[in-house]
Structures are given as structure tokens and as C-alpha cells.
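Raw upload.cif, mmCIF, C-alpha atoms and all ligand atoms:
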data_structure
#
loop_
_atom_site.label_atom_id
_atom_site.label_comp_id
_atom_site.auth_asym_id
_atom_site.auth_seq_id
_atom_site.Cartn_x
_atom_site.Cartn_y
_atom_site.Cartn_z
CA MET A 180 0.00 0.00 0.00
CA HIS A 181 2.64 2.50 -0.99
CA ALA A 182 3.53 4.36 -4.16
CA SER A 183 5.80 7.18 -5.29
CA ALA A 184 5.30 10.04 -7.70
CA THR A 185 7.19 12.98 -9.08
CA ALA A 186 5.88 16.42 -10.08
CA HIS A 187 7.30 19.77 -11.10
CA PRO A 188 6.34 23.26 -9.98
CA ASN A 189 4.69 25.56 -12.46
CA VAL A 190 4.78 29.28 -13.05
CA ALA A 191 1.70 31.22 -14.09
CA LEU A 192 1.89 33.50 -17.12
CA ILE A 193 -1.64 34.68 -16.29
CA LYS A 194 -1.95 34.65 -12.50
CA TYR A 195 -4.61 33.85 -10.02
CA TRP A 196 -4.82 35.83 -6.78
CA GLY A 197 -7.91 35.61 -4.56
CA LYS A 198 -10.51 32.94 -3.81
CA ARG A 199 -14.19 32.77 -4.59
CA ASP A 200 -14.66 30.03 -1.97
CA GLU A 201 -12.22 29.40 0.86
CA ALA A 202 -13.53 26.03 2.04
CA ASP A 203 -13.14 24.34 -1.37
CA ASN A 204 -10.19 26.55 -2.23
CA LEU A 205 -11.81 27.80 -5.44
CA PRO A 206 -9.90 30.60 -7.21
CA ALA A 207 -11.56 33.94 -7.98
CA VAL A 208 -10.08 33.88 -11.50
CA GLY A 209 -8.59 31.41 -13.97
CA SER A 210 -4.89 31.04 -14.72
CA ILE A 211 -2.46 29.82 -17.37
CA SER A 212 0.88 28.28 -16.47
CA VAL A 213 3.95 26.49 -17.76
CA THR A 214 5.41 23.47 -15.96
CA LEU A 215 9.12 23.69 -15.03
CA GLY A 216 10.95 20.46 -15.83
CA ALA A 217 14.21 21.28 -14.03
CA LEU A 218 12.72 21.54 -10.52
CA THR A 219 11.39 18.36 -8.97
CA THR A 220 9.41 17.10 -6.01
CA GLU A 221 9.45 13.39 -5.21
CA THR A 222 6.88 11.98 -2.83
CA THR A 223 6.12 8.56 -1.38
CA VAL A 224 2.78 7.83 0.28
CA LYS A 225 2.55 4.78 2.51
CA PHE A 226 -0.74 3.75 4.14
CA ASP A 227 -0.18 2.10 7.49
CA ASP A 228 -2.79 0.70 9.92
CA SER A 229 -0.65 1.51 12.97
CA LEU A 230 -0.97 5.30 12.39
CA GLU A 231 -3.51 7.47 14.22
CA HIS A 232 -3.19 10.43 11.86
CA ASP A 233 -1.42 11.33 8.61
CA VAL A 234 2.22 12.41 8.86
CA LEU A 235 4.10 14.65 6.41
CA ILE A 236 7.89 14.60 6.31
CA LEU A 237 9.31 17.23 3.95
CA ASN A 238 13.06 17.32 3.28
CA GLY A 239 13.60 15.15 6.38
CA GLN A 240 11.51 17.25 8.79
CA GLU A 241 8.04 16.56 10.10
CA GLN A 242 5.61 19.36 9.11
CA ALA A 243 2.97 19.49 11.85
CA ALA A 244 1.74 22.95 10.78
CA GLU A 245 0.82 21.56 7.35
CA HIS A 246 -1.53 19.00 8.91
CA PRO A 247 -4.92 20.66 8.22
CA ARG A 248 -4.19 21.01 4.47
CA LEU A 249 -2.71 17.52 4.33
CA ALA A 250 -5.70 16.01 6.14
CA ALA A 251 -8.18 17.84 3.88
CA CYS A 252 -6.59 16.18 0.82
CA MET A 253 -6.00 12.78 2.39
CA ASN A 254 -9.57 12.55 3.73
CA ARG A 255 -10.96 13.20 0.25
CA LEU A 256 -8.60 10.61 -1.24
CA ARG A 257 -9.59 8.06 1.41
CA ARG A 258 -13.28 8.64 0.68
CA LEU A 259 -12.73 8.21 -3.05
CA GLY A 260 -10.67 5.05 -2.63
CA ASN A 261 -12.65 3.55 0.24
CA GLU A 262 -9.51 3.48 2.33
CA GLN A 263 -9.53 3.69 6.14
CA ARG A 264 -5.87 3.89 7.02
CA PHE A 265 -3.76 6.97 7.62
CA ALA A 266 -0.54 7.50 5.72
CA THR A 267 3.02 8.68 6.01
CA VAL A 268 3.89 11.11 3.22
CA THR A 269 7.61 11.52 2.63
CA SER A 270 8.52 14.28 0.22
CA LYS A 271 11.64 16.05 -0.96
CA ASN A 272 12.21 19.11 -3.14
CA ASP A 273 15.44 19.78 -5.03
CA PHE A 274 14.77 23.57 -4.80
CA PRO A 275 13.88 26.12 -2.05
CA THR A 276 10.54 25.47 -0.31
CA ALA A 277 7.90 28.23 0.13
CA ALA A 278 9.99 30.95 -1.50
CA GLY A 279 7.90 31.71 -4.55
CA LEU A 280 8.90 28.65 -6.59
CA ALA A 281 5.50 26.95 -6.28
CA SER A 282 6.69 24.13 -4.04
CA SER A 283 3.14 23.63 -2.76
CA ALA A 284 1.91 23.07 -6.35
CA SER A 285 4.42 20.32 -7.11
CA GLY A 286 4.05 19.02 -3.55
CA TYR A 287 0.29 18.47 -3.71
CA ALA A 288 0.39 17.24 -7.33
CA ALA A 289 2.95 14.59 -6.37
CA LEU A 290 1.07 13.72 -3.17
CA VAL A 291 -2.26 13.18 -4.92
CA THR A 292 -0.64 11.16 -7.72
CA ALA A 293 1.26 8.91 -5.29
CA ALA A 294 -1.71 8.43 -2.92
CA ALA A 295 -4.06 7.65 -5.82
CA ALA A 296 -1.62 5.02 -7.11
CA ALA A 297 -1.23 3.53 -3.61
CA ILE A 298 -4.97 3.01 -3.23
CA GLY A 299 -5.54 1.93 -6.82
CA LEU A 300 -7.40 4.97 -8.18
CA ASP A 301 -7.35 5.76 -11.89
CA ALA A 302 -4.68 8.46 -12.47
CA SER A 303 -6.87 10.20 -15.07
CA ASP A 304 -9.89 10.60 -12.74
CA PRO A 305 -10.68 14.38 -12.90
CA ARG A 306 -11.67 14.33 -9.22
CA LEU A 307 -7.96 14.04 -8.41
CA LEU A 308 -7.50 17.54 -9.87
CA ASP A 309 -10.06 18.92 -7.41
CA ILE A 310 -8.34 17.17 -4.51
CA ALA A 311 -4.98 18.62 -5.57
CA ARG A 312 -6.62 22.08 -5.66
CA VAL A 313 -7.78 21.70 -2.06
CA GLY A 314 -4.09 21.36 -1.09
CA SER A 315 -2.87 24.25 -3.24
CA GLY A 316 -4.77 26.42 -5.70
CA SER A 317 -2.05 26.03 -8.32
CA ALA A 318 -1.48 22.28 -7.80
CA PRO A 319 -3.91 21.05 -10.51
CA ARG A 320 -1.69 22.87 -13.04
CA SER A 321 1.29 20.73 -12.00
CA MET A 322 -0.71 17.60 -12.83
CA PHE A 323 -0.07 18.48 -16.51
CA GLY A 324 3.03 19.30 -18.55
CA GLY A 325 3.71 22.14 -20.98
CA PHE A 326 1.15 24.96 -21.10
CA VAL A 327 -1.82 24.47 -18.76
CA LEU A 328 -5.18 26.19 -18.37
CA LEU A 329 -7.11 26.26 -15.07
CA GLN A 330 -10.62 27.70 -15.34
CA ASN A 331 -13.62 28.17 -13.12
CA ASP A 332 -16.89 26.50 -14.05
CA ASP A 333 -20.25 26.13 -12.28
CA GLN A 334 -19.13 23.06 -10.32
CA GLY A 335 -15.61 24.14 -9.40
CA THR A 336 -12.59 24.21 -11.69
CA VAL A 337 -11.49 22.50 -14.90
CA CYS A 338 -7.83 22.00 -15.67
CA GLU A 339 -6.33 20.92 -18.98
CA GLN A 340 -3.21 20.99 -21.10
CA ILE A 341 -3.13 23.62 -23.86
CA LEU A 342 0.20 22.72 -25.52
CA ARG A 343 2.71 19.95 -24.87
CA PRO A 344 6.28 20.98 -23.95
CA ALA A 345 7.56 20.10 -27.44
CA ASP A 346 4.82 22.16 -29.15
CA TRP A 347 6.41 25.42 -28.03
CA PRO A 348 9.60 24.66 -26.10
CA LEU A 349 10.10 27.88 -24.14
CA VAL A 350 12.85 28.08 -21.53
CA VAL A 351 12.43 29.55 -18.04
CA VAL A 352 15.47 31.17 -16.42
CA VAL A 353 14.90 31.49 -12.68
CA ALA A 354 16.92 34.10 -10.78
CA VAL A 355 16.99 32.99 -7.13
CA THR A 356 17.44 36.09 -4.97
CA THR A 357 17.05 34.42 -1.57
CA ASP A 358 16.52 30.95 -0.09
CA ALA A 359 14.48 32.34 2.84
CA GLN A 360 10.85 31.28 3.24
CA LYS A 361 8.21 33.94 2.63
CA SER A 362 6.59 35.45 5.72
CA ILE A 363 3.00 35.64 4.43
CA THR A 364 1.58 32.58 2.68
CA SER A 365 -0.39 33.06 -0.56
CA ARG A 366 -3.55 31.83 1.13
CA VAL A 367 -3.41 34.46 3.89
CA GLY A 368 -2.24 37.18 1.50
CA MET A 369 -5.02 36.57 -1.02
CA GLU A 370 -7.75 36.83 1.57
CA ARG A 371 -6.23 40.00 2.92
CA SER A 372 -6.12 41.48 -0.60
CA ARG A 373 -9.76 40.59 -1.23
CA LEU A 374 -10.79 42.33 1.98
CA THR A 375 -8.63 45.43 1.79
CA SER A 376 -7.24 46.30 -1.65
CA ASP A 377 -9.15 48.97 -3.59
CA TYR A 378 -7.77 47.38 -6.77
CA TYR A 379 -9.06 43.85 -6.08
CA ASP A 380 -12.36 44.20 -7.95
CA ALA A 381 -10.66 45.76 -10.97
CA TRP A 382 -8.20 42.83 -10.98
CA VAL A 383 -11.01 40.27 -11.04
CA GLU A 384 -13.07 42.18 -13.63
CA SER A 385 -10.24 42.67 -16.12
CA HIS A 386 -9.00 39.10 -15.81
CA ALA A 387 -11.20 37.29 -18.35
CA THR A 388 -9.88 39.47 -21.17
CA ASP A 389 -6.28 38.69 -20.20
CA MET A 390 -7.10 34.96 -20.21
CA GLN A 391 -8.73 35.08 -23.65
CA GLN A 392 -5.92 37.08 -25.20
CA ALA A 393 -3.23 34.88 -23.67
CA LEU A 394 -4.89 31.75 -25.05
CA GLU A 395 -4.91 33.27 -28.50
CA TYR A 396 -1.25 34.35 -28.30
CA ILE A 397 -0.22 30.90 -27.04
CA ARG A 398 -2.13 29.14 -29.82
CA HIS A 399 -0.45 31.40 -32.40
CA LYS A 400 2.93 31.19 -30.60
CA ASP A 401 3.05 34.97 -30.66
CA PHE A 402 5.90 35.45 -28.16
CA PHE A 403 6.13 39.24 -28.05
CA SER A 404 2.37 39.79 -27.62
CA LEU A 405 2.32 37.19 -24.84
CA ALA A 406 5.37 38.87 -23.27
CA GLU A 407 3.68 42.25 -22.93
CA LEU A 408 0.42 40.77 -21.68
CA ALA A 409 2.02 38.43 -19.13
CA GLU A 410 4.19 41.18 -17.63
CA CYS A 411 1.19 43.47 -17.34
CA ASN A 412 -0.92 40.72 -15.73
CA CYS A 413 1.88 40.03 -13.23
CA LEU A 414 2.19 43.72 -12.36
CA LYS A 415 -1.59 44.03 -11.94
CA MET A 416 -1.42 41.21 -9.37
CA HIS A 417 1.47 42.91 -7.58
CA SER A 418 -0.47 46.20 -7.62
CA VAL A 419 -3.23 44.41 -5.72
CA MET A 420 -0.66 42.92 -3.35
CA MET A 421 1.01 46.28 -2.72
CA THR A 422 -2.30 48.04 -2.08
CA THR A 423 -3.35 45.41 0.45
CA ARG A 424 -3.39 46.59 4.06
CA PRO A 425 -0.87 45.98 5.53
CA PRO A 426 0.99 45.76 2.20
CA LEU A 427 2.29 42.55 0.68
CA LEU A 428 5.74 43.52 -0.55
CA TYR A 429 7.22 40.34 -1.93
CA TRP A 430 10.02 41.97 -3.95
CA LEU A 431 13.61 42.49 -2.86
CA PRO A 432 15.80 45.16 -4.49
CA GLU A 433 17.36 42.32 -6.54
CA THR A 434 13.88 41.32 -7.77
CA LEU A 435 13.31 44.76 -9.25
CA ALA A 436 16.84 44.86 -10.70
CA CYS A 437 16.15 41.58 -12.55
CA MET A 438 12.78 42.81 -13.82
CA ARG A 439 14.37 46.00 -15.18
CA LYS A 440 17.12 44.00 -16.86
CA VAL A 441 14.56 41.74 -18.59
CA VAL A 442 12.62 44.76 -19.90
CA GLU A 443 15.89 46.28 -21.14
CA LEU A 444 16.89 43.04 -22.91
CA ARG A 445 13.52 42.84 -24.66
CA ALA A 446 13.81 46.47 -25.76
CA GLU A 447 17.10 45.41 -27.39
CA GLY A 448 15.21 42.70 -29.28
CA LEU A 449 15.76 39.62 -27.10
CA PRO A 450 12.69 37.37 -26.79
CA VAL A 451 12.26 37.38 -22.99
CA PHE A 452 9.72 38.53 -20.40
CA PHE A 453 9.54 38.37 -16.62
CA THR A 454 7.05 37.06 -14.16
CA VAL A 455 7.13 37.14 -10.32
CA ASP A 456 4.86 35.29 -7.86
CA ALA A 457 4.29 35.65 -4.11
CA GLY A 458 8.01 35.72 -3.43
CA PRO A 459 11.19 37.47 -4.52
CA GLN A 460 12.39 35.13 -7.29
CA VAL A 461 12.22 36.30 -10.90
CA LYS A 462 11.30 33.92 -13.69
CA ALA A 463 12.44 35.06 -17.13
CA ILE A 464 10.56 33.25 -19.87
CA CYS A 465 12.44 33.13 -23.16
CA LEU A 466 12.86 31.41 -26.49
CA PRO A 467 15.61 28.75 -26.35
CA THR A 468 17.97 30.84 -28.51
CA SER A 469 18.15 33.63 -25.92
CA ALA A 470 18.32 31.48 -22.75
CA ASN A 471 22.11 31.70 -22.27
CA ALA A 472 22.24 35.46 -22.84
CA VAL A 473 19.36 35.98 -20.38
CA ALA A 474 21.00 33.70 -17.79
CA ASP A 475 24.34 35.56 -18.10
CA ALA A 476 22.67 38.96 -17.76
CA LEU A 477 20.71 37.95 -14.64
CA ARG A 478 23.68 36.14 -13.07
CA ALA A 479 25.67 39.39 -13.30
CA ILE A 480 23.16 41.29 -11.13
CA PRO A 481 24.53 41.79 -7.59
CA GLY A 482 22.52 39.80 -5.04
CA VAL A 483 21.36 37.12 -7.47
CA ARG A 484 22.39 33.93 -5.71
CA ARG A 485 21.77 31.33 -8.33
CA ILE A 486 20.37 30.84 -11.79
CA ILE A 487 18.30 27.81 -12.69
CA ILE A 488 17.64 27.16 -16.37
CA SER A 489 14.56 25.04 -16.97
CA ASP A 490 12.91 23.51 -19.99
CA LEU A 491 9.18 22.93 -19.87
CA GLY A 492 8.40 19.67 -18.08
CA GLU A 493 5.83 16.90 -17.98
CA GLY A 494 2.91 16.49 -15.62
CA ALA A 495 2.85 14.57 -12.32
CA ARG A 496 3.43 10.84 -12.74
CA GLN A 497 3.98 7.69 -10.75
CA ILE A 498 7.58 6.49 -10.43
CA MET A 499 8.91 3.11 -9.36
CA GLN A 500 11.21 3.06 -6.34
O1 LIG A 601 -0.64 28.01 -5.22
P1 LIG A 601 -1.26 28.98 -4.30
O2 LIG A 601 -2.70 28.73 -4.08
O3 LIG A 601 -0.50 29.09 -3.03
O4 LIG A 601 -1.16 30.44 -4.98
C1 LIG A 601 -0.40 30.79 -6.10
C2 LIG A 601 -0.45 32.25 -6.33
C3 LIG A 601 0.53 32.81 -7.34
O5 LIG A 601 1.67 31.99 -7.46
C4 LIG A 601 1.00 34.18 -6.85
C5 LIG A 601 -0.14 33.01 -8.70
C6 LIG A 601 -0.34 31.77 -9.54
O6 LIG A 601 -1.34 31.75 -10.29
O7 LIG A 601 0.48 30.85 -9.47
#

Please express what this file holds, its structure, as C-alpha cells.
Amino acid sequence: MHASATAHPNVALIKYWGKRDEADNLPAVGSISVTLGALTTETTVKFDDSLEHDVLILNGQEQAAEHPRLAACMNRLRRLGNEQRFATVTSKNDFPTAAGLASSASGYAALVTAAAAAIGLDASDPRLLDIARVGSGSAPRSMFGGFVLLQNDDQGTVCEQILRPADWPLVVVVAVTTDAQKSITSRVGMERSRLTSDYYDAWVESHATDMQQALEYIRHKDFFSLAELAECNCLKMHSVMMTTRPPLLYWLPETLACMRKVVELRAEGLPVFFTVDAGPQVKAICLPTSANAVADALRAIPGVRRIIISDLGEGARQIMQ
């Protein structure tokens, strides 16, 4: 009664920020992401009748604070698979946790995939996507590779692949500006934004147009139109964050320096654009031909600790161990 799975984090080109339902963790808006093949979470789920509750061990340390989210997912999986036993979930990331690299997305995608395999559920059951979403709003996107669309519908959300990695093989250059964990989680920050930012309603209202346009640009592989739109969508989200009370200031000086460099490179003709999530890391999305030049330019910025160059990756999948 154990199985292992691997999943990659994803980065949204069109972001979600805010919930329309907290209990089911339903996003206020849709989102479009790419899956990052170079960063990996590996998770083993082992059901065990001697346990009295689920246990999560992440990078060798037990995570008691994560228990409510873990239990919410595991209870739903148990109901679906008619399983009574609790489980030990052992997970490791080969990249910084909770620092704006979507570790919770890859974490919950890998967890759901491994647990489903351990209790014999069909990996393509769409209910697994909803269970992943209960763990992390962006986790259903890590269930797929390449370009991924997550949309609201009447029932909840629908998640699907738009393009496979090989269809449009973009490269993501990640500039890591700190390994420290963020102080305010996305979940807490989003709710605070909904309640206090004057820009929140405008963000939600203008979002559908961004989604539609992005889908069109992705289908036509129109890099420069997507670049301008994605940067603007990212900055709209950060405008909501910054106008939250008290403010959510996720950027470091190095974050802004990287963003400015990316804009400068694009003005010089290089196919690259930035995006930044609820953390200080900068992700520069580029065509493969410009990846090395972008990586060199970002590496040269004082305070940038590390550069990770990632191809687009595959979705969550079971692995044999
Ligand atoms: O994955 P969550 O629910 O913790 O929130 C992700 C929020 C952003 O990364 C800021 C935006 C996004 O769409 O990924």
C-alpha cells in the first residue's frame, strides 16, 4: 500500500490571486501556467494501519503545521478510494521550499498522484485535480506538462493541457534572490487582498480578457504579444498585493533589478519577459535561442544567488522506487 510520484512546480503566465470560496479553495479567477521540468518534487505515500493520523515529512523534517491542508486532501482521497488507514507522506524538493517557486503546487500534485496510485485509483480521474486544488490552488496545473489552463466553471474548476512541452519549447530562467521562506503565505495574503485592496475588484473584472488574449497568443505562438500581456498581468497582481493593508511587498531590491534588466533586454530585441509570484524570485521566460544570454545577464546582477535554467516539463506521474 505505498507508491511514489514525481511532479514539477509551475509558473503562471496569467496569474490567479484571490478565492471565490475558501472552504473548497476555489480561485476567484482562472490562470495559465507552464510546468518547469528542471525543478522536482518526489513523494512517497505509505498507508499504514498503525498510524492514528497522517504524517508529512518534507526534506527530512516533520511538518505538523501543514496537517490541516494535508488532512483535507488525504480525507478526500480516502473517501474516493474507500480506504480507512492513515498514511506517512515523505517528500523532498530539489529547490527552495515556500519561496515563490511553487513548491506547494508540485508538492500536492505529487502527493495526490502517489496516494491515488497507492490506493488503486485511476490516475486520469478528474476528481484528483479537485483534490490537488484543495491542497494548493495552483497544484492542478502541476498535474499536466507544458502549457496548462485552469478555469472556473459552475461546479468548481477545470484544468487541462493547452500545448505539450515540445509544441512550443520555451525556456524559463529562474533568478533565485534568496533561499528564505516567505513570511506571508499566498492563502493568507489573497484573503487579505480581497478584503482590503481597492484594486481587487478591478483585478477580477479585467481578468477574463487577459485569459482570452493569452490563449490566442499561445495558440499562435506569438511570443512578443504574450510577453507584454504576461508582464502586465503580473504587475496588476502585484499592484493588488502592494495596495493590500498591511501591504504585501514580496520583492527584494534584486527582484526589481532583474525585472528591469529583462525589460531592457527585450527592448534590445531579445525574446524574454519576466514574471514574479508571491516571493522574490524572478522567472524570465524566453525562447531557447536567448536562454544563455538571459541567464548571463541575470547572473551578473549583484545579489542574485543562483540561476536555474529550466525547460518545460511533464505532468505529475507515478515512479517506481
Ligand atoms: O498556489 P497557491 O494557491 O499558493 O497560490 C499561487 C499564487 C501565485 O503563485 C502568486 C499566482 C499563480 O497563479 O500561481

Please extract the residues at most 6 Å from ligand LIG 601 (chain A), counting all atoms listed in the file, and provide them as JSON, numbers by chain, using the chain letters and residue numbers of this document.
{"A": [190, 191, 194, 195, 196, 210, 284, 315, 316, 317, 365, 366, 456, 457]}

Just-selected residues, C-alpha atoms written as an mmCIF file, in the coordinates of the input:
data_model
loop_
_atom_site.group_PDB
_atom_site.id
_atom_site.type_symbol
_atom_site.label_atom_id
_atom_site.label_comp_id
_atom_site.auth_asym_id
_atom_site.auth_seq_id
_atom_site.Cartn_x
_atom_site.Cartn_y
_atom_site.Cartn_z
ATOM 1 C CA VAL A 190 4.780 29.280 -13.050
ATOM 2 C CA ALA A 191 1.700 31.220 -14.090
ATOM 3 C CA LYS A 194 -1.950 34.650 -12.500
ATOM 4 C CA TYR A 195 -4.610 33.850 -10.020
ATOM 5 C CA TRP A 196 -4.820 35.830 -6.780
ATOM 6 C CA SER A 210 -4.890 31.040 -14.720
ATOM 7 C CA ALA A 284 1.910 23.070 -6.350
ATOM 8 C CA SER A 315 -2.870 24.250 -3.240
ATOM 9 C CA GLY A 316 -4.770 26.420 -5.700
ATOM 10 C CA SER A 317 -2.050 26.030 -8.320
ATOM 11 C CA SER A 365 -0.390 33.060 -0.560
ATOM 12 C CA ARG A 366 -3.550 31.830 1.130
ATOM 13 C CA ASP A 456 4.860 35.290 -7.860
ATOM 14 C CA ALA A 457 4.290 35.650 -4.110
#

Of the candidates A:Lys462, A:His187, A:Arg496, A:Arg320, which shows the shortest atom-to-atom distance to A:Thr356, using all atoms listed in the file?
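The shortest atom-to-atom distance to A:Thr356 comes from A:Lys462.
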
Pick out the closest residue to A:Thr375 from this set: A:Val473, A:Ala318, A:Leu427, A:Leu235. Count all atoms listed in the file.
A:Leu427

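For the set A:Gly216, A:Pro188, A:Gly314, A:Gly197, the residue with the smallest atom-to-atom gap to A:Arg248 is A:Gly314, counting all atoms listed in the file.
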
Near stretch 405-420 of chain A, within 10 Å and counting all atoms listed in the file, which residues show up once chain neighbours fewer than 6 positions away are dropped, as a ChimeraX atom specification?
/A:191-197,211,368-369,371-373,375-383,385-386,389-390,392-397,399,426-430,438,442,445,450-457,464-465

Env of A:Cys252: 12 Å cut, atoms = only C-alpha atoms, seq-sep filter 5 positions within chain, self excluded. Answer as a PyMOL selection string.
chain A and resi 203-204+233+245-247+257-259+265-266+268+286-288+290-292+294-295+306-315+318

Interatomic distance, atom CA of A:Leu491 to atom CA of A:Ala479 (Å, one decimal)
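Distance between the two atoms: 24.2 Å.
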
Could you tell me how far atom CA of A:Ile341 lies from atom CA of A:Phe326, in Å and to one decimal?
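Here the two named atoms are 5.3 Å from each other.
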
Just give me the gap between atom CA of A:Ala281 and atom CA of A:Asp490 in Å, one decimal is fine.
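Computing it gives 16.0 Å between the two atoms.
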
Residue with the minimum atom-to-atom distance to A:Leu300, picked from A:Leu230, A:Ala182, A:Ala359, A:Ile480 with only C-alpha atoms counted, is A:Ala182

Counting all atoms listed in the file, which of A:Leu431, A:Ala446, A:Leu328, A:Ala184 gets nearest to A:Lys225?
A:Ala184

Nearest to A:Ala387 among A:Thr423, A:Ser362, A:Asn254, A:Gln330, with distances taken over all atoms listed in the file: which residue is it?
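So, comparing all the options, the nearest one is A:Gln330.
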
Put the listed atoms of stretch 405-421 of chain A in a box along x, y and z with 3 Å added on every side and give me the centre and edge lengths in Å to one decimal, as JSON.
{"center_x": 1.1, "center_y": 41.7, "center_z": -13.8, "size_x": 14.6, "size_y": 15.1, "size_z": 28.1}
